[in-house]
file final-v1.csv (CSV, C-alpha atoms)
chain,number,residue,atom,x,y,z
A,1,MET,CA,0.0,0.0,0.0
A,2,GLU,CA,1.3,3.4,-1.0
A,3,LYS,CA,2.0,5.7,2.0
A,4,THR,CA,0.1,8.9,2.3
A,5,LEU,CA,1.9,12.2,2.7
A,6,ASP,CA,0.7,12.3,6.3
A,7,GLN,CA,2.2,8.9,7.0
A,8,GLN,CA,5.5,9.9,5.5
A,9,LYS,CA,5.6,13.1,7.6
A,10,LEU,CA,4.7,11.2,10.7
A,11,GLU,CA,7.4,8.6,10.1
A,12,GLU,CA,9.9,11.4,9.6
A,13,HIS,CA,8.8,13.0,12.9
A,14,ALA,CA,9.0,9.6,14.7
A,15,LYS,CA,12.6,9.1,13.4
A,16,GLN,CA,13.6,12.5,14.7
A,17,LEU,CA,12.1,11.8,18.1
A,18,ARG,CA,14.0,8.6,18.3
A,19,GLN,CA,17.2,10.3,17.4
A,20,ASP,CA,16.5,13.0,20.0
A,21,ILE,CA,15.8,10.4,22.7
A,22,ILE,CA,19.1,8.6,22.1
A,23,THR,CA,21.1,11.9,21.8
A,24,MET,CA,19.7,13.5,25.0
A,25,LEU,CA,20.1,10.4,27.1
A,26,ALA,CA,23.7,9.8,25.9
A,27,GLU,CA,24.4,13.4,26.8
A,28,ALA,CA,22.7,13.0,30.2
A,29,GLY,CA,24.3,9.7,31.0
A,30,SER,CA,21.1,8.5,32.6
A,31,GLY,CA,17.4,8.0,31.8
A,32,HIS,CA,14.9,5.6,30.3
A,33,PRO,CA,15.3,4.8,26.6
A,34,GLY,CA,13.3,1.5,26.4
A,35,GLY,CA,9.8,2.8,27.2
A,36,SER,CA,10.4,6.1,25.4
A,37,LEU,CA,11.2,4.4,22.2
A,38,SER,CA,8.2,2.0,22.5
A,39,ALA,CA,5.8,5.0,22.8
A,40,THR,CA,7.3,7.0,20.0
A,41,GLU,CA,4.6,6.4,17.3
A,42,ILE,CA,1.8,7.1,19.8
A,43,VAL,CA,3.3,10.4,21.0
A,44,THR,CA,4.2,11.4,17.5
A,45,TYR,CA,0.7,10.9,16.2
A,46,LEU,CA,-0.9,12.8,19.1
A,47,TYR,CA,1.5,15.8,18.9
A,48,PHE,CA,2.0,16.1,15.2
A,49,LYS,CA,-1.5,15.1,13.9
A,50,GLU,CA,-4.2,14.8,16.5
A,51,MET,CA,-4.1,17.2,19.4
A,52,GLN,CA,-5.2,20.8,19.3
A,53,LEU,CA,-2.3,22.8,20.7
A,54,ASP,CA,-0.7,26.3,20.5
A,55,PRO,CA,3.0,26.3,21.3
A,56,GLN,CA,2.9,30.1,21.5
A,57,ASN,CA,0.2,29.8,24.2
A,58,PRO,CA,0.9,26.6,26.2
A,59,SER,CA,-1.9,27.5,28.7
A,60,TRP,CA,-4.6,28.0,26.1
A,61,SER,CA,-7.7,27.0,27.9
A,62,ASP,CA,-9.3,25.1,25.0
A,63,ARG,CA,-6.3,23.0,24.2
A,64,ASP,CA,-6.3,19.2,24.3
A,65,ARG,CA,-4.4,17.8,27.3
A,66,PHE,CA,-1.9,15.1,27.4
A,67,VAL,CA,-0.8,13.2,30.6
A,68,LEU,CA,2.3,11.0,30.4
A,69,SER,CA,1.3,8.8,33.3
A,70,LYS,CA,4.5,6.7,32.9
A,71,GLY,CA,6.5,9.8,33.6
A,72,HIS,CA,9.9,8.1,33.3
A,73,ALA,CA,9.3,8.1,29.5
A,74,ALA,CA,9.8,11.9,29.7
A,75,PRO,CA,12.4,11.9,26.8
A,76,VAL,CA,9.8,11.1,24.2
A,77,LEU,CA,7.6,13.8,25.5
A,78,TYR,CA,10.4,16.4,25.6
A,79,ALA,CA,11.4,15.5,22.1
A,80,ALA,CA,7.8,16.0,20.9
A,81,LEU,CA,7.4,19.3,22.7
A,82,ALA,CA,10.7,20.5,21.2
A,83,GLY,CA,9.6,19.3,17.8
A,84,ARG,CA,6.4,21.3,18.1
A,85,GLY,CA,8.2,24.4,19.2
A,86,PHE,CA,7.3,24.7,22.8
A,87,PHE,CA,11.0,25.3,23.6
A,88,PRO,CA,14.3,25.3,21.7
A,89,ARG,CA,15.5,21.8,20.6
A,90,GLY,CA,19.0,22.7,22.0
A,91,LEU,CA,17.5,22.4,25.5
A,92,LEU,CA,17.3,18.7,25.0
A,93,LEU,CA,21.0,18.4,25.5
A,94,GLN,CA,20.6,19.7,29.0
A,95,VAL,CA,18.1,17.0,30.1
A,96,ARG,CA,18.6,15.9,33.7
A,97,LYS,CA,21.3,18.5,34.4
A,98,ILE,CA,21.2,20.9,37.3
A,99,ASN,CA,19.1,24.0,36.7
A,100,CYS,CA,17.5,22.6,33.5
A,101,PRO,CA,13.7,22.4,33.6
A,102,LEU,CA,13.8,19.1,31.7
A,103,GLN,CA,14.4,16.7,34.6
A,104,GLY,CA,14.0,12.9,34.7
A,105,HIS,CA,10.2,13.3,35.1
A,106,PRO,CA,8.0,16.1,33.6
A,107,ASP,CA,7.3,19.1,35.7
A,108,MET,CA,4.2,21.1,34.7
A,109,LYS,CA,5.4,24.2,36.6
A,110,LYS,CA,8.7,24.4,34.7
A,111,VAL,CA,8.2,23.0,31.2
A,112,PRO,CA,5.9,24.7,28.7
A,113,GLY,CA,3.5,22.2,27.2
A,114,VAL,CA,3.5,19.7,30.1
A,115,ASP,CA,-0.1,19.4,31.4
A,116,MET,CA,0.7,17.3,34.5
A,117,SER,CA,3.7,16.5,36.6
A,118,THR,CA,4.1,12.7,36.7
A,119,GLY,CA,6.5,10.0,37.8
A,120,SER,CA,4.8,8.4,40.7
A,121,LEU,CA,3.2,5.5,38.8
A,122,GLY,CA,-0.5,5.1,38.9
A,123,GLN,CA,-1.4,8.8,39.5
A,124,GLY,CA,-1.6,10.1,36.0
A,125,LEU,CA,-4.8,8.3,35.2
A,126,SER,CA,-6.5,9.9,38.2
A,127,ALA,CA,-5.3,13.3,37.1
A,128,SER,CA,-6.6,12.7,33.7
A,129,VAL,CA,-10.0,11.8,35.1
A,130,GLY,CA,-10.0,15.1,37.0
A,131,MET,CA,-9.2,17.0,33.9
A,132,ALA,CA,-11.9,15.2,31.9
A,133,LEU,CA,-14.5,15.8,34.6
A,134,ALA,CA,-13.6,19.5,34.7
A,135,GLY,CA,-14.0,19.6,30.9
A,136,LYS,CA,-17.5,18.1,31.2
A,137,LEU,CA,-18.5,20.5,34.0
A,138,ASP,CA,-17.2,23.5,32.1
A,139,GLN,CA,-18.9,22.3,28.9
A,140,LYS,CA,-15.6,22.4,27.0
A,141,ASP,CA,-14.9,20.4,23.8
A,142,TYR,CA,-11.2,19.6,24.5
A,143,ARG,CA,-10.1,16.0,25.0
A,144,ILE,CA,-7.8,14.4,27.5
A,145,PHE,CA,-5.2,12.0,26.1
A,146,ALA,CA,-3.1,9.8,28.5
A,147,LEU,CA,-0.4,7.3,28.2
A,148,LEU,CA,0.0,4.4,30.7
A,149,GLY,CA,2.7,1.7,31.0
A,150,ASP,CA,1.7,-1.9,31.2
A,151,GLY,CA,3.7,-2.4,34.3
A,152,GLU,CA,2.0,0.7,35.7
A,153,ILE,CA,-1.4,-0.9,35.6
A,154,GLU,CA,-0.3,-3.2,38.4
A,155,GLU,CA,-1.0,-0.1,40.6
A,156,GLY,CA,-4.4,-0.3,42.4
A,157,GLN,CA,-5.0,3.5,41.9
A,158,ILE,CA,-5.3,2.8,38.1
A,159,TRP,CA,-8.4,0.7,38.7
A,160,GLU,CA,-10.0,3.2,41.1
A,161,ALA,CA,-9.5,5.9,38.4
A,162,ALA,CA,-10.8,3.5,35.7
A,163,MET,CA,-13.9,2.9,37.7
A,164,ALA,CA,-14.5,6.7,38.2
A,165,ALA,CA,-14.0,7.5,34.5
A,166,ALA,CA,-16.7,5.0,33.6
A,167,HIS,CA,-19.0,6.1,36.4
A,168,TYR,CA,-18.9,9.7,35.2
A,169,LYS,CA,-19.2,8.7,31.6
A,170,LEU,CA,-16.0,10.5,30.6
A,171,ASP,CA,-16.2,10.0,26.8
A,172,ASN,CA,-13.8,13.0,26.4
A,173,MET,CA,-10.9,10.7,27.6
A,174,ILE,CA,-8.8,8.6,25.2
A,175,VAL,CA,-6.1,6.5,27.0
A,176,PHE,CA,-3.3,4.6,25.4
A,177,LEU,CA,-1.6,1.6,27.1
A,178,ASP,CA,2.0,1.1,26.0
A,179,HIS,CA,1.9,-2.7,26.1
A,180,ASN,CA,5.6,-3.6,25.6
A,181,GLY,CA,5.6,-6.5,28.0
A,182,LEU,CA,8.6,-5.4,30.1
A,183,GLN,CA,9.0,-3.4,33.3
A,184,ILE,CA,12.1,-2.6,35.4
A,185,ASP,CA,12.0,-5.9,37.4
A,186,GLY,CA,11.3,-8.2,34.5
A,187,PRO,CA,8.5,-9.3,32.1
A,188,VAL,CA,5.2,-7.9,33.2
A,189,SER,CA,3.6,-11.3,33.0
A,190,GLU,CA,6.0,-12.6,35.6
A,191,VAL,CA,6.2,-9.6,38.0
A,192,MET,CA,2.4,-9.2,38.4
A,193,SER,CA,0.3,-10.1,35.4
A,194,PRO,CA,-2.5,-7.7,34.7
A,195,GLU,CA,-4.1,-10.0,32.1
A,196,PRO,CA,-6.7,-10.2,30.8
A,197,ILE,CA,-6.3,-6.5,30.2
A,198,VAL,CA,-9.0,-6.2,27.5
A,199,ASP,CA,-11.6,-8.0,29.6
A,200,LYS,CA,-10.7,-6.0,32.7
A,201,PHE,CA,-11.1,-2.6,31.2
A,202,GLN,CA,-14.3,-3.7,29.5
A,203,ALA,CA,-15.6,-4.9,32.8
A,204,PHE,CA,-14.8,-1.5,34.3
A,205,GLY,CA,-17.0,0.1,31.7
A,206,TRP,CA,-14.5,1.2,29.1
A,207,HIS,CA,-14.6,0.9,25.3
A,208,VAL,CA,-11.5,-1.1,24.4
A,209,GLN,CA,-9.5,-1.5,21.2
A,210,ARG,CA,-6.2,-3.4,20.7
A,211,ILE,CA,-3.8,-2.3,18.0
A,212,ASN,CA,-0.2,-2.4,16.7
A,213,GLY,CA,1.3,0.6,18.5
A,214,HIS,CA,3.9,1.2,15.9
A,215,SER,CA,1.4,1.5,13.0
A,216,PHE,CA,0.2,5.0,12.3
A,217,THR,CA,-2.6,3.6,10.2
A,218,GLU,CA,-3.9,1.6,13.2
A,219,ILE,CA,-3.3,4.4,15.7
A,220,GLU,CA,-5.3,6.8,13.5
A,221,ALA,CA,-8.2,4.4,13.0
A,222,ALA,CA,-8.4,3.6,16.7
A,223,VAL,CA,-8.4,7.3,17.7
A,224,GLU,CA,-11.2,8.1,15.2
A,225,VAL,CA,-13.3,5.3,16.6
A,226,ALA,CA,-12.6,6.4,20.2
A,227,LYS,CA,-13.6,10.0,19.3
A,228,ASN,CA,-17.0,8.8,18.3
A,229,ILE,CA,-17.7,6.7,21.4
A,230,THR,CA,-20.3,8.2,23.7
A,231,GLY,CA,-21.1,7.6,27.3
A,232,LYS,CA,-17.8,5.9,28.3
A,233,PRO,CA,-14.0,6.4,28.3
A,234,ALA,CA,-11.9,4.9,25.6
A,235,MET,CA,-8.9,2.6,26.1
A,236,ILE,CA,-6.5,1.8,23.2
A,237,ILE,CA,-4.1,-1.1,24.1
A,238,ALA,CA,-1.1,-0.6,21.9
A,239,ASP,CA,1.1,-3.6,21.5
A,240,THR,CA,4.7,-2.3,21.2
A,241,VAL,CA,8.4,-3.3,21.3
A,242,LYS,CA,10.5,-1.9,24.1
A,243,GLY,CA,13.5,-0.1,22.6
A,244,LYS,CA,11.8,0.0,19.2
A,245,GLY,CA,14.0,1.2,16.4
A,246,VAL,CA,17.4,0.3,17.9
A,247,SER,CA,18.3,-3.3,17.3
A,248,PHE,CA,20.4,-3.9,20.4
A,249,MET,CA,17.7,-2.3,22.6
A,250,GLU,CA,14.6,-4.0,21.3
A,251,ASN,CA,13.0,-6.3,23.8
A,252,GLN,CA,16.0,-6.0,26.2
A,253,LEU,CA,15.1,-5.5,29.8
A,254,GLY,CA,18.4,-3.8,30.6
A,255,TRP,CA,17.4,-0.8,28.5
A,256,HIS,CA,14.5,0.1,30.7
A,257,GLY,CA,16.5,2.6,32.7
A,258,ASN,CA,20.1,2.7,31.3
A,259,ALA,CA,21.4,5.4,29.0
A,260,PRO,CA,23.6,4.5,26.1
A,261,THR,CA,27.3,5.3,26.1
A,262,ARG,CA,28.7,7.6,23.4
A,263,GLU,CA,29.8,4.5,21.4
A,264,GLN,CA,26.3,2.9,21.8
A,265,SER,CA,24.6,6.1,20.9
A,266,GLU,CA,26.6,6.4,17.7
A,267,LYS,CA,25.6,2.9,16.7
A,268,ALA,CA,22.0,3.6,17.5
A,269,LEU,CA,21.9,6.9,15.6
A,270,ALA,CA,23.5,5.1,12.6
A,271,GLU,CA,20.6,2.6,12.6
A,272,LEU,CA,18.1,5.5,12.9
A,273,ALA,CA,19.6,7.6,10.2
call {"tool": "encode", "arguments": {"input": "final-v1.csv", "output": "structure tokens"}}
result
Amino acid sequence: MEKTLDQQKLEEHAKQLRQDIITMLAEAGSGHPGGSLSATEIVTYLYFKEMQLDPQNPSWSDRDRFVLSKGHAAPVLYAALAGRGFFPRGLLLQVRKINCPLQGHPDMKKVPGVDMSTGSLGQGLSASVGMALAGKLDQKDYRIFALLGDGEIEEGQIWEAAMAAAHYKLDNMIVFLDHNGLQIDGPVSEVMSPEPIVDKFQAFGWHVQRINGHSFTEIEAAVEVAKNITGKPAMIIADTVKGKGVSFMENQLGWHGNAPTREQSEKALAELA
């Protein structure tokens, strides 16, 4: 199938985000590449195609909101924000350094474009529910997008938030689950299996879809379906590959929270060129 112009542009943006992730983490000497790379297509689609945003006015009241509940994947969010012009791309080289606003987890008080400070796993979905409920009460048309990790949904708070979202019929929420199968302590299925994930979210009153999280075609189709669901929140379970795009990082647990060396980053960037 011939790629559309949109698909080509999105793939170019995704490649740039992956290059930025590797570059900034190599420069920082610490950080989380695996889950940033697995979420790249999702974040690319939202920031470069779907969400209504104004980089010149980050606090625009009618903007769509994005909550990176798995806050340790901050590099992919920073790369997207820089790509959209919320701050200069050169700032990415200062990630995790003293006095730089771009720390290991996103800070809404310091970083333009960050809608919620996250990092304590499980809390982002609750914050998203609050934002979505506020939108309903204020009769606003904006949507709340959130990104969860599959290890993160082992947290009990996730399910309290899921129950609340369904109870209040928050159909202005679209949540992605980055289902890459690995968390810091090992395979998610071995640490504390959340399966059957589809059945659980459906039982909690959500509309659920499952897609290839690296396919822009499937991401777009799922988002369009989710936008037309009424009376319930939408969950998109995105099957992904941890470390996607860098051969020696793919499906390797050790790259959850280890930054590449200079030599490794050069090898990774060569693959991503």
call {"tool": "atom_distance", "arguments": {"input": "final-v1.csv", "atom1": "CA of Val129 in chain A", "atom2": "CA of Ala165 in chain A"}}
result
5.9 Å
call {"tool": "atom_distance", "arguments": {"input": "final-v1.csv", "atom1": "CA of His167 in chain A", "atom2": "CA of Asn228 in chain A"}}
result
18.4 Å
call {"tool": "closest_residue", "arguments": {"input": "final-v1.csv", "among": "A:Leu272, A:Ile197, A:Ile184, A:Ile237", "to": "Gln252 in chain A", "atoms": "only C-alpha atoms"}}
result
A:Ile184
call {"tool": "residues_around", "arguments": {"input": "final-v1.csv", "residues": "Gln209 in chain A", "least_positions_apart": "3", "cutoff": "8 Å", "atoms": "all atoms listed in the file", "output": "PyMOL selection string"}}
result
chain A and resi 198+222+235-237
call {"tool": "write_last_selection", "arguments": {"input": "final-v1.csv", "atoms": "C-alpha atoms", "output": "PDB file, in the frame of the given file"}}
result
ATOM      1  CA  VAL A 198      -9.000  -6.200  27.500  1.00  0.00           C
ATOM      2  CA  ALA A 222      -8.400   3.600  16.700  1.00  0.00           C
ATOM      3  CA  MET A 235      -8.900   2.600  26.100  1.00  0.00           C
ATOM      4  CA  ILE A 236      -6.500   1.800  23.200  1.00  0.00           C
ATOM      5  CA  ILE A 237      -4.100  -1.100  24.100  1.00  0.00           C
TER       6      ILE A 237
END
call {"tool": "closest_residue", "arguments": {"input": "final-v1.csv", "among": "A:Ile229, A:Val208, A:Val95, A:Met116", "to": "Lys169 in chain A", "atoms": "all atoms listed in the file"}}
result
A:Ile229
call {"tool": "residues_around", "arguments": {"input": "final-v1.csv", "residues": "Glu155 in chain A", "least_positions_apart": "4", "cutoff": "12 Å", "atoms": "all atoms listed in the file", "output": "PyMOL selection string"}}
result
chain A and resi 69-70+120-126+148-151+159-162+192-194
